[in-house]
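S.K.: What follows is start-v9.txt; its format and atoms are compact mmCIF, C-alpha atoms (C1' of nucleotides).
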```
# COMPACT_ATOMS: atom_id res chain seq x y z
CA MET I 1 -78.30 -57.04 189.79
CA SER I 2 -79.51 -59.88 191.99
CA THR I 3 -79.79 -59.65 195.75
CA VAL I 4 -78.85 -63.28 196.30
CA ARG I 5 -76.01 -63.86 198.68
CA LEU I 6 -73.19 -65.80 197.07
CA SER I 7 -71.06 -68.09 199.18
CA THR I 8 -67.33 -68.67 199.04
CA THR I 9 -68.08 -71.79 197.05
CA SER I 10 -69.86 -69.65 194.47
CA TYR I 11 -66.88 -67.40 194.03
CA VAL I 12 -64.45 -70.27 193.81
CA VAL I 13 -66.54 -71.75 191.02
CA LEU I 14 -66.78 -68.41 189.24
CA GLY I 15 -63.08 -67.77 189.70
CA MET I 16 -62.03 -71.16 188.44
CA ILE I 17 -64.12 -70.85 185.33
CA ALA I 18 -62.89 -67.31 184.74
CA MET I 19 -59.28 -68.44 185.05
CA ARG I 20 -59.44 -71.75 183.20
CA GLY I 21 -62.05 -70.93 180.62
CA PRO I 22 -65.05 -73.17 179.86
CA SER I 23 -65.17 -76.03 182.35
CA THR I 24 -67.27 -78.97 183.38
CA SER I 25 -67.99 -79.80 187.00
CA TYR I 26 -65.46 -82.54 186.80
CA ASP I 27 -62.84 -80.13 185.51
CA LEU I 28 -63.56 -77.93 188.52
CA LYS I 29 -63.24 -80.83 190.86
CA ARG I 30 -59.81 -81.66 189.51
CA ALA I 31 -58.57 -78.09 189.26
CA ILE I 32 -59.67 -77.33 192.80
CA GLY I 33 -58.21 -80.62 193.94
CA HIS I 34 -54.69 -79.53 193.20
CA SER I 35 -54.98 -75.88 194.14
CA VAL I 36 -57.32 -74.29 196.67
CA GLY I 37 -58.46 -77.75 197.69
CA TYR I 38 -55.23 -78.10 199.64
CA PHE I 39 -56.39 -75.65 202.24
CA TRP I 40 -60.16 -75.51 201.82
CA HIS I 41 -62.17 -78.60 201.05
CA PHE I 42 -65.12 -78.32 198.65
CA PRO I 43 -67.16 -81.54 198.44
CA HIS I 44 -67.44 -82.50 194.81
CA ALA I 45 -71.22 -82.74 194.90
CA GLN I 46 -71.25 -78.98 195.43
CA LEU I 47 -69.33 -78.51 192.24
CA TYR I 48 -72.23 -80.08 190.37
CA SER I 49 -75.05 -78.22 192.13
CA GLU I 50 -73.41 -74.82 192.50
CA PRO I 51 -72.80 -74.09 188.80
CA LYS I 52 -76.43 -75.00 188.19
CA ARG I 53 -77.46 -72.29 190.65
CA LEU I 54 -75.06 -69.79 189.16
CA GLU I 55 -76.41 -70.51 185.73
CA GLN I 56 -79.93 -69.77 186.91
CA LEU I 57 -78.68 -66.50 188.33
CA GLY I 58 -77.22 -65.59 184.97
CA LEU I 59 -73.62 -65.67 186.17
CA LEU I 60 -72.73 -68.69 184.06
CA GLU I 61 -73.84 -70.05 180.72
CA VAL I 62 -74.17 -73.74 180.08
CA GLU I 63 -73.75 -75.94 177.05
CA GLU I 64 -74.92 -79.55 177.36
CA GLU I 65 -73.85 -82.62 175.45
CA ASP I 66 -76.97 -84.38 174.28
CA ASP I 67 -75.70 -87.94 174.61
CA GLY I 68 -73.17 -90.11 176.40
CA ARG I 69 -71.90 -88.43 179.55
CA ARG I 70 -74.17 -85.44 179.06
CA ARG I 71 -71.40 -83.22 180.30
CA ARG I 72 -72.40 -79.66 181.01
CA THR I 73 -69.76 -77.14 180.10
CA TYR I 74 -70.00 -73.80 181.86
CA THR I 75 -68.77 -70.42 180.68
CA ILE I 76 -68.74 -67.23 182.69
CA THR I 77 -70.97 -64.36 181.60
CA ASP I 78 -70.19 -60.66 181.80
CA THR I 79 -72.47 -60.42 184.80
CA GLY I 80 -70.60 -63.30 186.39
CA LEU I 81 -67.25 -61.73 185.73
CA SER I 82 -68.24 -58.42 187.22
CA ALA I 83 -69.74 -60.10 190.28
CA LEU I 84 -66.44 -61.91 190.73
CA ARG I 85 -64.38 -58.77 190.23
CA SER I 86 -66.32 -56.76 192.76
CA TRP I 87 -65.96 -59.56 195.28
CA LEU I 88 -62.22 -59.55 194.71
CA ALA I 89 -62.14 -55.80 195.21
CA GLU I 90 -64.17 -55.96 198.41
CA PRO I 91 -62.35 -56.02 201.76
CA THR I 92 -62.47 -59.21 203.84
CA ASP I 93 -63.04 -58.71 207.52
CA GLN I 94 -63.39 -62.36 208.44
CA HIS I 95 -60.40 -63.99 210.03
CA TYR I 96 -59.35 -67.39 208.79
CA GLU I 97 -60.57 -70.51 210.50
CA LEU I 98 -58.08 -73.24 211.24
CA ARG I 99 -59.99 -76.48 211.46
CA ASP I 100 -57.43 -78.68 213.06
CA ILE I 101 -58.50 -81.81 214.87
CA ALA I 102 -55.03 -82.25 216.31
CA GLU I 103 -55.27 -78.83 217.89
CA ILE I 104 -58.61 -79.73 219.46
CA LYS I 105 -57.20 -82.91 220.89
CA LEU I 106 -54.28 -80.98 222.26
CA PHE I 107 -56.64 -78.50 223.85
CA PHE I 108 -58.08 -81.37 225.88
CA ASN I 109 -54.63 -82.59 226.92
CA GLU I 110 -55.68 -82.60 230.57
CA LEU I 111 -58.02 -85.46 229.83
CA ALA I 112 -55.59 -87.51 227.78
CA GLU I 113 -52.76 -89.86 228.61
CA PRO I 114 -49.28 -88.33 228.39
CA ASP I 115 -48.38 -90.94 225.77
CA ASP I 116 -51.31 -89.85 223.61
CA ILE I 117 -49.86 -86.35 223.51
CA LYS I 118 -46.49 -87.66 222.52
CA ARG I 119 -47.92 -89.70 219.70
CA LEU I 120 -50.14 -86.87 218.58
CA ALA I 121 -47.12 -84.61 218.31
CA GLN I 122 -45.06 -87.18 216.47
CA ASP I 123 -47.85 -87.85 213.99
CA GLN I 124 -48.24 -84.16 213.36
CA ILE I 125 -44.52 -83.71 212.77
CA LYS I 126 -44.59 -86.45 210.16
CA GLN I 127 -47.69 -85.05 208.51
CA HIS I 128 -46.35 -81.55 208.22
CA GLN I 129 -42.98 -82.72 206.96
CA ASP I 130 -44.72 -84.68 204.24
CA ARG I 131 -46.86 -81.76 203.28
CA ILE I 132 -43.86 -79.47 203.13
CA ALA I 133 -42.10 -81.89 200.80
CA GLU I 134 -45.18 -81.99 198.60
CA TYR I 135 -45.43 -78.21 198.43
CA GLU I 136 -41.74 -77.82 197.70
CA GLN I 137 -41.98 -80.25 194.86
CA MET I 138 -44.86 -78.27 193.39
CA GLN I 139 -42.92 -75.09 193.75
CA GLU I 140 -39.91 -76.58 192.06
CA ARG I 141 -41.88 -78.00 189.17
CA PHE I 142 -44.18 -75.11 188.44
CA GLY I 143 -42.88 -72.05 190.24
CA HIS I 144 -40.78 -70.88 187.32
CA GLU I 145 -43.21 -71.44 184.51
CA SER I 146 -44.34 -67.87 184.28
CA ALA I 147 -47.60 -68.96 182.66
CA ILE I 148 -48.83 -70.25 185.97
CA SER I 149 -46.49 -68.75 188.52
CA ARG I 150 -49.16 -66.32 189.62
CA ARG I 151 -51.31 -69.28 190.55
CA MET I 152 -48.52 -70.47 192.78
CA VAL I 153 -48.48 -67.40 194.99
CA THR I 154 -50.61 -68.95 197.70
CA LEU I 155 -48.16 -71.82 197.97
CA GLY I 156 -45.93 -69.40 199.83
CA LEU I 157 -48.58 -68.94 202.50
CA GLY I 158 -49.15 -72.67 202.68
CA LEU I 159 -45.46 -73.25 203.23
CA GLU I 160 -45.13 -70.58 205.90
CA MET I 161 -48.06 -72.11 207.75
CA GLU I 162 -46.70 -75.62 207.47
CA HIS I 163 -43.33 -74.56 208.82
CA ALA I 164 -45.01 -72.77 211.70
CA ALA I 165 -47.03 -75.85 212.56
CA LEU I 166 -43.95 -78.04 212.28
CA ARG I 167 -42.00 -75.78 214.63
CA PHE I 168 -44.81 -75.84 217.14
CA TRP I 169 -45.29 -79.59 217.19
CA THR I 170 -41.55 -80.22 217.28
CA SER I 171 -41.16 -78.08 220.33
CA LEU I 172 -44.26 -79.64 221.84
CA ALA I 173 -42.84 -83.11 221.34
CA GLU I 174 -39.79 -82.07 223.32
CA ARG I 175 -41.92 -80.66 226.10
CA ALA I 176 -43.89 -83.88 226.20
CA GLU I 177 -40.67 -85.85 226.32
CA ARG I 178 -39.60 -83.79 229.29
CA GLY I 179 -42.74 -84.94 231.07
CA GLU I 180 -44.64 -81.69 230.96
CA PHE I 181 -47.93 -83.49 230.41
CA GLU I 182 -47.70 -86.04 233.20
CA ALA I 183 -50.34 -85.96 235.95
CA MET N 1 -71.18 -99.37 222.72
CA SER N 2 -73.02 -97.43 220.06
CA THR N 3 -72.14 -97.51 216.39
CA VAL N 4 -73.10 -93.89 215.81
CA ARG N 5 -70.40 -91.75 214.30
CA LEU N 6 -69.61 -88.76 216.46
CA SER N 7 -68.49 -85.51 214.87
CA THR N 8 -65.82 -83.11 216.01
CA THR N 9 -68.60 -81.01 217.47
CA SER N 10 -69.64 -83.97 219.61
CA TYR N 11 -66.18 -84.38 221.04
CA VAL N 12 -65.77 -80.69 221.71
CA VAL N 13 -69.01 -80.75 223.68
CA LEU N 14 -67.97 -83.87 225.57
CA GLY N 15 -64.52 -82.46 226.21
CA MET N 16 -65.77 -79.13 227.47
CA ILE N 17 -68.17 -80.75 229.88
CA ALA N 18 -65.50 -83.17 231.04
CA MET N 19 -63.06 -80.32 231.67
CA ARG N 20 -65.43 -77.75 233.15
CA GLY N 21 -67.84 -80.01 234.97
CA PRO N 22 -71.64 -79.74 234.67
CA SER N 23 -72.52 -77.15 232.07
CA THR N 24 -75.47 -75.64 230.27
CA SER N 25 -75.47 -74.99 226.55
CA TYR N 26 -74.91 -71.35 227.25
CA ASP N 27 -71.90 -72.18 229.39
CA LEU N 28 -70.52 -74.16 226.47
CA LYS N 29 -71.10 -71.32 224.10
CA ARG N 30 -69.13 -68.95 226.29
CA ALA N 31 -66.35 -71.38 227.14
CA ILE N 32 -65.87 -72.30 223.49
CA GLY N 33 -66.09 -68.65 222.54
CA HIS N 34 -62.89 -67.79 224.30
CA SER N 35 -60.97 -70.97 223.62
CA VAL N 36 -61.31 -73.33 220.65
CA GLY N 37 -63.77 -70.89 219.11
CA TYR N 38 -60.79 -68.76 218.12
CA PHE N 39 -59.73 -71.22 215.48
CA TRP N 40 -62.83 -73.33 214.83
CA HIS N 41 -66.27 -71.81 214.79
CA PHE N 42 -69.17 -73.77 216.31
CA PRO N 43 -72.56 -72.12 215.70
CA HIS N 44 -74.31 -71.77 219.03
CA ALA N 45 -77.45 -73.52 217.85
CA GLN N 46 -75.36 -76.68 217.63
CA LEU N 47 -74.45 -76.34 221.27
CA TYR N 48 -78.13 -76.65 222.11
CA SER N 49 -78.94 -79.54 219.79
CA GLU N 50 -75.76 -81.55 220.11
CA PRO N 51 -75.90 -82.17 223.89
CA LYS N 52 -79.48 -83.33 223.40
CA ARG N 53 -78.24 -85.95 220.94
CA LEU N 54 -75.39 -86.97 223.22
CA GLU N 55 -77.82 -87.35 226.07
CA GLN N 56 -79.96 -89.69 224.00
CA LEU N 57 -76.85 -91.71 223.24
CA GLY N 58 -76.15 -92.01 226.93
CA LEU N 59 -72.94 -90.00 226.80
CA LEU N 60 -74.36 -87.15 228.82
CA GLU N 61 -76.89 -86.85 231.62
CA VAL N 62 -79.25 -83.93 231.89
CA GLU N 63 -80.89 -82.11 234.76
CA GLU N 64 -83.61 -79.61 233.90
CA GLU N 65 -84.85 -76.60 235.84
CA ASP N 66 -88.63 -76.76 235.98
CA ASP N 67 -89.32 -73.04 235.79
CA GLY N 68 -87.88 -69.74 234.61
CA ARG N 69 -85.13 -70.26 232.08
CA ARG N 70 -85.59 -74.03 232.10
CA ARG N 71 -81.87 -74.41 231.81
CA ARG N 72 -80.64 -77.91 231.08
CA THR N 73 -77.44 -78.76 232.86
CA TYR N 74 -75.42 -81.57 231.33
CA THR N 75 -73.00 -83.91 233.05
CA ILE N 76 -70.76 -86.45 231.38
CA THR N 77 -71.39 -90.15 232.01
CA ASP N 78 -68.79 -92.89 232.30
CA THR N 79 -69.66 -94.00 228.80
CA GLY N 80 -69.20 -90.45 227.59
CA LEU N 81 -65.86 -90.11 229.29
CA SER N 82 -64.53 -93.31 227.83
CA ALA N 83 -65.75 -92.39 224.36
CA LEU N 84 -63.90 -89.11 224.71
CA ARG N 85 -60.75 -90.76 226.02
CA SER N 86 -60.58 -93.25 223.21
CA TRP N 87 -61.02 -90.48 220.68
CA LEU N 88 -58.16 -88.60 222.28
CA ALA N 89 -56.01 -91.72 222.11
CA GLU N 90 -56.83 -92.35 218.47
CA PRO N 91 -54.45 -91.08 215.78
CA THR N 92 -55.61 -88.26 213.52
CA ASP N 93 -54.77 -88.66 209.87
CA GLN N 94 -56.72 -85.66 208.62
CA HIS N 95 -54.70 -82.58 207.82
CA TYR N 96 -55.98 -79.26 209.03
CA GLU N 97 -58.11 -77.11 206.81
CA LEU N 98 -57.32 -73.42 206.57
CA ARG N 99 -60.49 -71.64 205.57
CA ASP N 100 -59.10 -68.32 204.58
CA ILE N 101 -61.07 -66.08 202.28
CA ALA N 102 -58.09 -63.78 201.84
CA GLU N 103 -56.07 -66.70 200.54
CA ILE N 104 -58.79 -67.55 198.03
CA LYS N 105 -58.91 -63.99 196.79
CA LEU N 106 -55.16 -64.02 196.46
CA PHE N 107 -55.32 -67.23 194.48
CA PHE N 108 -57.40 -65.37 191.91
CA ASN N 109 -54.97 -62.46 191.77
CA GLU N 110 -54.78 -62.73 187.98
CA LEU N 111 -58.37 -61.57 187.79
CA ALA N 112 -58.05 -58.71 190.27
CA GLU N 113 -56.73 -55.18 190.07
CA PRO N 114 -53.20 -54.69 191.39
CA ASP N 115 -54.57 -52.22 193.92
CA ASP N 116 -56.96 -54.83 195.26
CA ILE N 117 -54.02 -57.06 196.05
CA LYS N 118 -52.24 -54.26 197.84
CA ARG N 119 -55.25 -53.50 199.96
CA LEU N 120 -55.89 -57.15 200.63
CA ALA N 121 -52.35 -57.53 201.94
CA GLN N 122 -52.56 -54.42 204.06
CA ASP N 123 -55.85 -55.48 205.60
CA GLN N 124 -54.43 -58.88 206.39
CA ILE N 125 -51.36 -57.38 208.04
CA LYS N 126 -53.57 -55.29 210.27
CA GLN N 127 -55.82 -58.22 211.09
CA HIS N 128 -53.00 -60.52 212.05
CA GLN N 129 -51.24 -57.89 214.10
CA ASP N 130 -54.43 -57.33 216.06
CA ARG N 131 -54.92 -61.02 216.60
CA ILE N 132 -51.34 -61.42 217.79
CA ALA N 133 -51.84 -58.63 220.29
CA GLU N 134 -55.00 -60.31 221.54
CA TYR N 135 -53.28 -63.67 221.95
CA GLU N 136 -50.28 -62.16 223.69
CA GLN N 137 -52.54 -60.43 226.14
CA MET N 138 -54.25 -63.73 226.91
CA GLN N 139 -50.92 -65.41 227.38
CA GLU N 140 -49.74 -62.72 229.70
CA ARG N 141 -52.88 -62.77 231.81
CA PHE N 142 -53.41 -66.48 232.12
CA GLY N 143 -50.27 -68.25 231.00
CA HIS N 144 -48.80 -68.39 234.46
CA GLU N 145 -51.83 -69.45 236.43
CA SER N 146 -50.94 -73.09 236.61
CA ALA N 147 -54.59 -74.00 237.17
CA ILE N 148 -55.33 -73.26 233.56
CA SER N 149 -51.95 -73.12 231.91
CA ARG N 150 -52.55 -76.49 230.28
CA ARG N 151 -55.57 -75.01 228.56
CA MET N 152 -53.32 -72.34 227.13
CA VAL N 153 -51.04 -74.76 225.26
CA THR N 154 -52.82 -74.32 221.95
CA LEU N 155 -52.27 -70.58 222.16
CA GLY N 156 -48.70 -71.33 221.18
CA LEU N 157 -49.84 -72.87 217.93
CA GLY N 158 -52.20 -70.00 217.31
CA LEU N 159 -49.37 -67.53 217.76
CA GLU N 160 -46.97 -69.40 215.50
CA MET N 161 -49.60 -69.49 212.79
CA GLU N 162 -50.41 -65.82 213.17
CA HIS N 163 -46.77 -64.86 212.90
CA ALA N 164 -46.38 -67.02 209.81
CA ALA N 165 -49.37 -65.37 208.17
CA LEU N 166 -48.11 -61.94 209.14
CA ARG N 167 -44.70 -62.67 207.61
CA PHE N 168 -46.28 -63.88 204.42
CA TRP N 169 -48.59 -60.93 203.93
CA THR N 170 -45.88 -58.45 204.85
CA SER N 171 -43.60 -59.81 202.20
CA LEU N 172 -46.48 -60.00 199.77
CA ALA N 173 -47.29 -56.33 200.35
CA GLU N 174 -43.72 -55.48 199.40
CA ARG N 175 -43.91 -57.56 196.25
CA ALA N 176 -47.17 -55.84 195.33
CA GLU N 177 -45.56 -52.48 195.99
CA ARG N 178 -42.78 -53.44 193.60
CA GLY N 179 -45.41 -53.95 190.92
CA GLU N 180 -45.28 -57.73 190.77
CA PHE N 181 -49.02 -57.95 190.24
CA GLU N 182 -49.37 -55.44 187.42
CA ALA N 183 -50.68 -56.67 184.05
C1' DT F 1 -62.56 -108.20 168.54
C1' DT F 2 -64.49 -109.24 172.74
C1' DT F 3 -64.51 -108.70 177.56
C1' DC F 4 -64.05 -106.90 181.77
C1' DA F 5 -61.77 -104.22 185.38
C1' DA F 6 -60.38 -99.71 186.43
C1' DA F 7 -60.87 -94.95 185.79
C1' DT F 8 -63.81 -91.35 184.85
C1' DC F 9 -67.86 -88.78 185.41
C1' DG F 10 -72.44 -87.46 187.40
C1' DT F 11 -76.39 -87.72 190.70
C1' DC F 12 -78.72 -88.65 194.88
C1' DT F 13 -79.76 -89.11 199.81
C1' DG F 14 -80.14 -88.22 204.55
C1' DA F 15 -77.75 -86.05 208.13
C1' DA F 16 -75.28 -82.29 210.06
C1' DA F 17 -73.92 -77.55 209.98
C1' DC F 18 -75.20 -73.07 209.56
C1' DA F 19 -76.96 -68.06 209.83
C1' DG F 20 -79.85 -65.46 211.77
C1' DA F 21 -84.54 -64.42 213.48
C1' DT F 22 -87.45 -64.76 217.33
C1' DG F 23 -88.90 -64.87 221.91
C1' DA F 24 -88.64 -65.45 226.81
C1' DT F 25 -86.34 -64.35 231.23
C1' DT F 26 -83.64 -61.60 234.18
C1' DG F 27 -80.97 -57.89 236.53
C1' DG F 28 -80.22 -53.50 237.47
C1' DA F 29 -80.28 -48.49 236.33
C1' DA F 30 -83.32 -44.65 236.04
C1' DT E 1 -91.79 -49.53 239.35
C1' DT E 2 -90.61 -49.36 234.90
C1' DC E 3 -87.97 -50.37 231.24
C1' DC E 4 -83.75 -51.34 228.68
C1' DA E 5 -79.98 -54.23 227.84
C1' DA E 6 -77.96 -58.50 228.63
C1' DT E 7 -78.69 -63.17 229.08
C1' DC E 8 -80.50 -67.44 227.68
C1' DA E 9 -83.04 -70.77 224.61
C1' DT E 10 -85.37 -72.35 220.54
C1' DC E 11 -86.80 -72.45 215.85
C1' DT E 12 -86.67 -72.09 210.75
C1' DG E 13 -85.13 -72.70 206.25
C1' DT E 14 -81.03 -73.17 203.76
C1' DT E 15 -76.56 -74.88 202.68
C1' DT E 16 -72.97 -78.05 203.34
C1' DC E 17 -71.48 -82.44 203.65
C1' DA E 18 -69.92 -87.45 203.32
C1' DG E 19 -70.31 -91.03 200.95
C1' DA E 20 -73.08 -94.32 198.36
C1' DC E 21 -74.57 -95.30 193.93
C1' DG E 22 -74.76 -95.76 189.03
C1' DA E 23 -73.58 -94.78 184.33
C1' DT E 24 -70.07 -94.22 180.81
C1' DT E 25 -65.59 -94.71 178.90
C1' DT E 26 -60.98 -96.53 178.30
C1' DG E 27 -57.71 -99.67 177.24
C1' DA E 28 -55.24 -103.83 178.16
C1' DA E 29 -55.48 -108.70 178.28
C1' DA E 30 -57.52 -112.59 176.33
```
Could you rewrite the structure in this file as structure tokens?
M.R.:
Amino acid sequence: MSTVRLSTTSYVVLGMIAMRGPSTSYDLKRAIGHSVGYFWHFPHAQLYSEPKRLEQLGLLEVEEEDDGRRRRTYTITDTGLSALRSWLAEPTDQHYELRDIAEIKLFFNELAEPDDIKRLAQDQIKQHQDRIAEYEQMQERFGHESAISRRMVTLGLGLEMEHAALRFWTSLAERAERGEFEA
Amino acid sequence: MSTVRLSTTSYVVLGMIAMRGPSTSYDLKRAIGHSVGYFWHFPHAQLYSEPKRLEQLGLLEVEEEDDGRRRRTYTITDTGLSALRSWLAEPTDQHYELRDIAEIKLFFNELAEPDDIKRLAQDQIKQHQDRIAEYEQMQERFGHESAISRRMVTLGLGLEMEHAALRFWTSLAERAERGEFEA
DNA sequence: TTTCAAATCGTCTGAAACAGATGATTGGAA
DNA sequence: TTCCAATCATCTGTTTCAGACGATTTGAAA
């Protein structure tokens, strides 16, 4: 077994191919785009270079078209599958990271104009409402199709988080309205 | 005014120096470590290289010790302050990113053993409970000192998010217990 | 049936982010 | 006074990243 350290990107690629079956990089890009991509961004260039690496490590197999687009279709190997499975079985000690520019701006509220805080809060409210609507629509459309309902489980976490953020920014907007961030 | 694109890291550095006053890279590392570092990780090496860049751009000024540690103490310039202020005033269209390895593993639940899901959920419950305790302690200790209470505002968001995650994983653990992730 | 604009698909580049090793300085306990 | 642990700073090689670029394909209008 190799001693190379695989990244989260590696496992997402492995997992996607294991779940979907044989896939091209472009397939991955699209599949990730309407699933894990909602909460963790993977630049599409990675989805071309990473499978190449995984193939060299023997975790994927590749089949190349020899003309036109020259698509490379990747399949997971037994080694790849067992690497993925042991990662899934492994405990995760790392806490999540919430990369939220709005939160950073809010952290520096002392340096901002009170009106900036108000607008920030209002923008966030709108954004989270929109996202909630989007998630609910997904849940409605696909949540009951048992074929993919297990892929919808994380939507529940996404929704909880969105509602939490919405609650926070709503209450913050009220506090700002009350003048809590003046002088 | 320069046309260089500043990153979030840049603004965090500027903001920290603006809020704390003259700071060394090590000061930044520590200050970030017990504030924004809780939700967005900035590798400390960046906090040495980034101020250097900002100094070259004229957004910071530097004063160097000429012996011993050779600490470089950075101060924000007027240009730096106005760059920071206009960033704070600017709307933020980007949605947050939630980099959560546990969520990724859960997404691939179809490929995992039912017991893995149970343990994943239990670990997450523990982790979020601990984090909540940590945040509540911070709130209790510093929330009332008006000198810094405005720097504690984001703690509220952190807590809301932690509670949301805790709710989700708690309910997920029950579903797993009921055998929802078998076969 | 040609044509041409939009959508799809793939690669490349240079810059920034990153983990983690290394090394120097310092304070204070033994 | 020595010596260990904490503090502080830099360096290295790798990975991530945004976004530009270019090639192929589709299909609708001409």
S.K.: Using only C-alpha atoms (C1' of nucleotides), I'd like every residue of chain I that has an atom within 12 Å of chain E; please write them out as a list in words.
M.R.: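 The complete set of qualifying residues is Arg5, Leu6, Ser7, Thr8, Thr9, Ser10, His41, Phe42, Pro43, His44, Ala45, Gln46, Leu47, Ser49, Glu50, Asp67, Gly68, Arg69, Arg70 and Arg71 of chain I.
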S.K.: Quick one: everything within 12 Å of Asp116 in chain I, counting only C-alpha atoms (C1' of nucleotides), minus sequence neighbours fewer than 4 positions away in the same chain. Send it as a PyMOL selection string.
M.R.: (chain I and resi 102+105-106+108-112+120-123+173+176-177+181-182) or (chain N and resi 85-92)
S.K.: At a cut-off of 9 Å, which residues of chain F touch chain I? Count all atoms listed in the file and give the answer as a list in words.
M.R.: DC9, DG10 and DT11 of chain F
S.K.: Select residues of chain N: the criterion is any atom within 6 Å of an atom of chain I, counting only C-alpha atoms; output as a ChimeraX atom specification.
M.R.: /N:39-40,88-89,96-100,105,107,116,151,154,157,160-161,164,168
S.K.: Those residues you just picked out, can you put them in a file as a tab-separated table (two decimals), keeping the file's coordinate frame with C-alpha atoms?
M.R.:
```
chain	number	residue	atom	x	y	z
N	39	PHE	CA	-59.73	-71.22	215.48
N	40	TRP	CA	-62.83	-73.33	214.83
N	88	LEU	CA	-58.16	-88.60	222.28
N	89	ALA	CA	-56.01	-91.72	222.11
N	96	TYR	CA	-55.98	-79.26	209.03
N	97	GLU	CA	-58.11	-77.11	206.81
N	98	LEU	CA	-57.32	-73.42	206.57
N	99	ARG	CA	-60.49	-71.64	205.57
N	100	ASP	CA	-59.10	-68.32	204.58
N	105	LYS	CA	-58.91	-63.99	196.79
N	107	PHE	CA	-55.32	-67.23	194.48
N	116	ASP	CA	-56.96	-54.83	195.26
N	151	ARG	CA	-55.57	-75.01	228.56
N	154	THR	CA	-52.82	-74.32	221.95
N	157	LEU	CA	-49.84	-72.87	217.93
N	160	GLU	CA	-46.97	-69.40	215.50
N	161	MET	CA	-49.60	-69.49	212.79
N	164	ALA	CA	-46.38	-67.02	209.81
N	168	PHE	CA	-46.28	-63.88	204.42
```
S.K.: So what do you get for CA of His34 in chain I versus CA of Tyr135 in chain I, distance-wise?
M.R.: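 Taking CA of His34 in chain I as the start and CA of Tyr135 in chain I as the end point, the length is 10.7 Å.
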S.K.: Could you state the separation of CA of Asp78 in chain I and CA of Gly21 in chain I in Å, given to one decimal place?
M.R.: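 About the pair CA of Asp78 in chain I and CA of Gly21 in chain I: they are 13.2 Å apart.
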S.K.: Between CA of Thr79 in chain I and CA of Gln56 in chain I, what is the distance, to one decimal in Å?
M.R.: 12.1 Å
S.K.: Please output range 13-25 of chain N, rebuilt to include N, CA and C atoms, as a PDB file, keeping the file's coordinate frame.
M.R.:
```pdb
ATOM      1  N   VAL N  13     -68.008 -80.862 222.625  1.00  0.00           N
ATOM      2  CA  VAL N  13     -69.010 -80.750 223.680  1.00  0.00           C
ATOM      3  C   VAL N  13     -68.656 -81.679 224.847  1.00  0.00           C
ATOM      4  N   LEU N  14     -68.358 -82.923 224.521  1.00  0.00           N
ATOM      5  CA  LEU N  14     -67.970 -83.870 225.570  1.00  0.00           C
ATOM      6  C   LEU N  14     -66.747 -83.356 226.338  1.00  0.00           C
ATOM      7  N   GLY N  15     -65.762 -82.913 225.599  1.00  0.00           N
ATOM      8  CA  GLY N  15     -64.520 -82.460 226.210  1.00  0.00           C
ATOM      9  C   GLY N  15     -64.735 -81.261 227.119  1.00  0.00           C
ATOM     10  N   MET N  16     -65.515 -80.334 226.672  1.00  0.00           N
ATOM     11  CA  MET N  16     -65.770 -79.130 227.470  1.00  0.00           C
ATOM     12  C   MET N  16     -66.472 -79.494 228.775  1.00  0.00           C
ATOM     13  N   ILE N  17     -67.437 -80.381 228.667  1.00  0.00           N
ATOM     14  CA  ILE N  17     -68.170 -80.750 229.880  1.00  0.00           C
ATOM     15  C   ILE N  17     -67.277 -81.561 230.811  1.00  0.00           C
ATOM     16  N   ALA N  18     -66.429 -82.400 230.214  1.00  0.00           N
ATOM     17  CA  ALA N  18     -65.500 -83.170 231.040  1.00  0.00           C
ATOM     18  C   ALA N  18     -64.521 -82.235 231.766  1.00  0.00           C
ATOM     19  N   MET N  19     -64.069 -81.203 231.085  1.00  0.00           N
ATOM     20  CA  MET N  19     -63.060 -80.320 231.670  1.00  0.00           C
ATOM     21  C   MET N  19     -63.664 -79.333 232.667  1.00  0.00           C
ATOM     22  N   ARG N  20     -64.838 -78.789 232.329  1.00  0.00           N
ATOM     23  CA  ARG N  20     -65.430 -77.750 233.150  1.00  0.00           C
ATOM     24  C   ARG N  20     -66.337 -78.285 234.242  1.00  0.00           C
ATOM     25  N   GLY N  21     -66.787 -79.520 234.092  1.00  0.00           N
ATOM     26  CA  GLY N  21     -67.840 -80.010 234.970  1.00  0.00           C
ATOM     27  C   GLY N  21     -69.190 -79.667 234.395  1.00  0.00           C
ATOM     28  N   PRO N  22     -70.282 -79.935 235.149  1.00  0.00           N
ATOM     29  CA  PRO N  22     -71.640 -79.740 234.670  1.00  0.00           C
ATOM     30  C   PRO N  22     -71.823 -78.386 234.009  1.00  0.00           C
ATOM     31  N   SER N  23     -72.393 -78.389 232.839  1.00  0.00           N
ATOM     32  CA  SER N  23     -72.520 -77.150 232.070  1.00  0.00           C
ATOM     33  C   SER N  23     -73.842 -77.082 231.335  1.00  0.00           C
ATOM     34  N   THR N  24     -74.321 -75.857 231.132  1.00  0.00           N
ATOM     35  CA  THR N  24     -75.470 -75.640 230.270  1.00  0.00           C
ATOM     36  C   THR N  24     -74.948 -75.328 228.875  1.00  0.00           C
ATOM     37  N   SER N  25     -75.852 -75.318 227.919  1.00  0.00           N
ATOM     38  CA  SER N  25     -75.470 -74.990 226.550  1.00  0.00           C
ATOM     39  C   SER N  25     -74.859 -73.597 226.478  1.00  0.00           C
TER      40      SER N  25
END
```
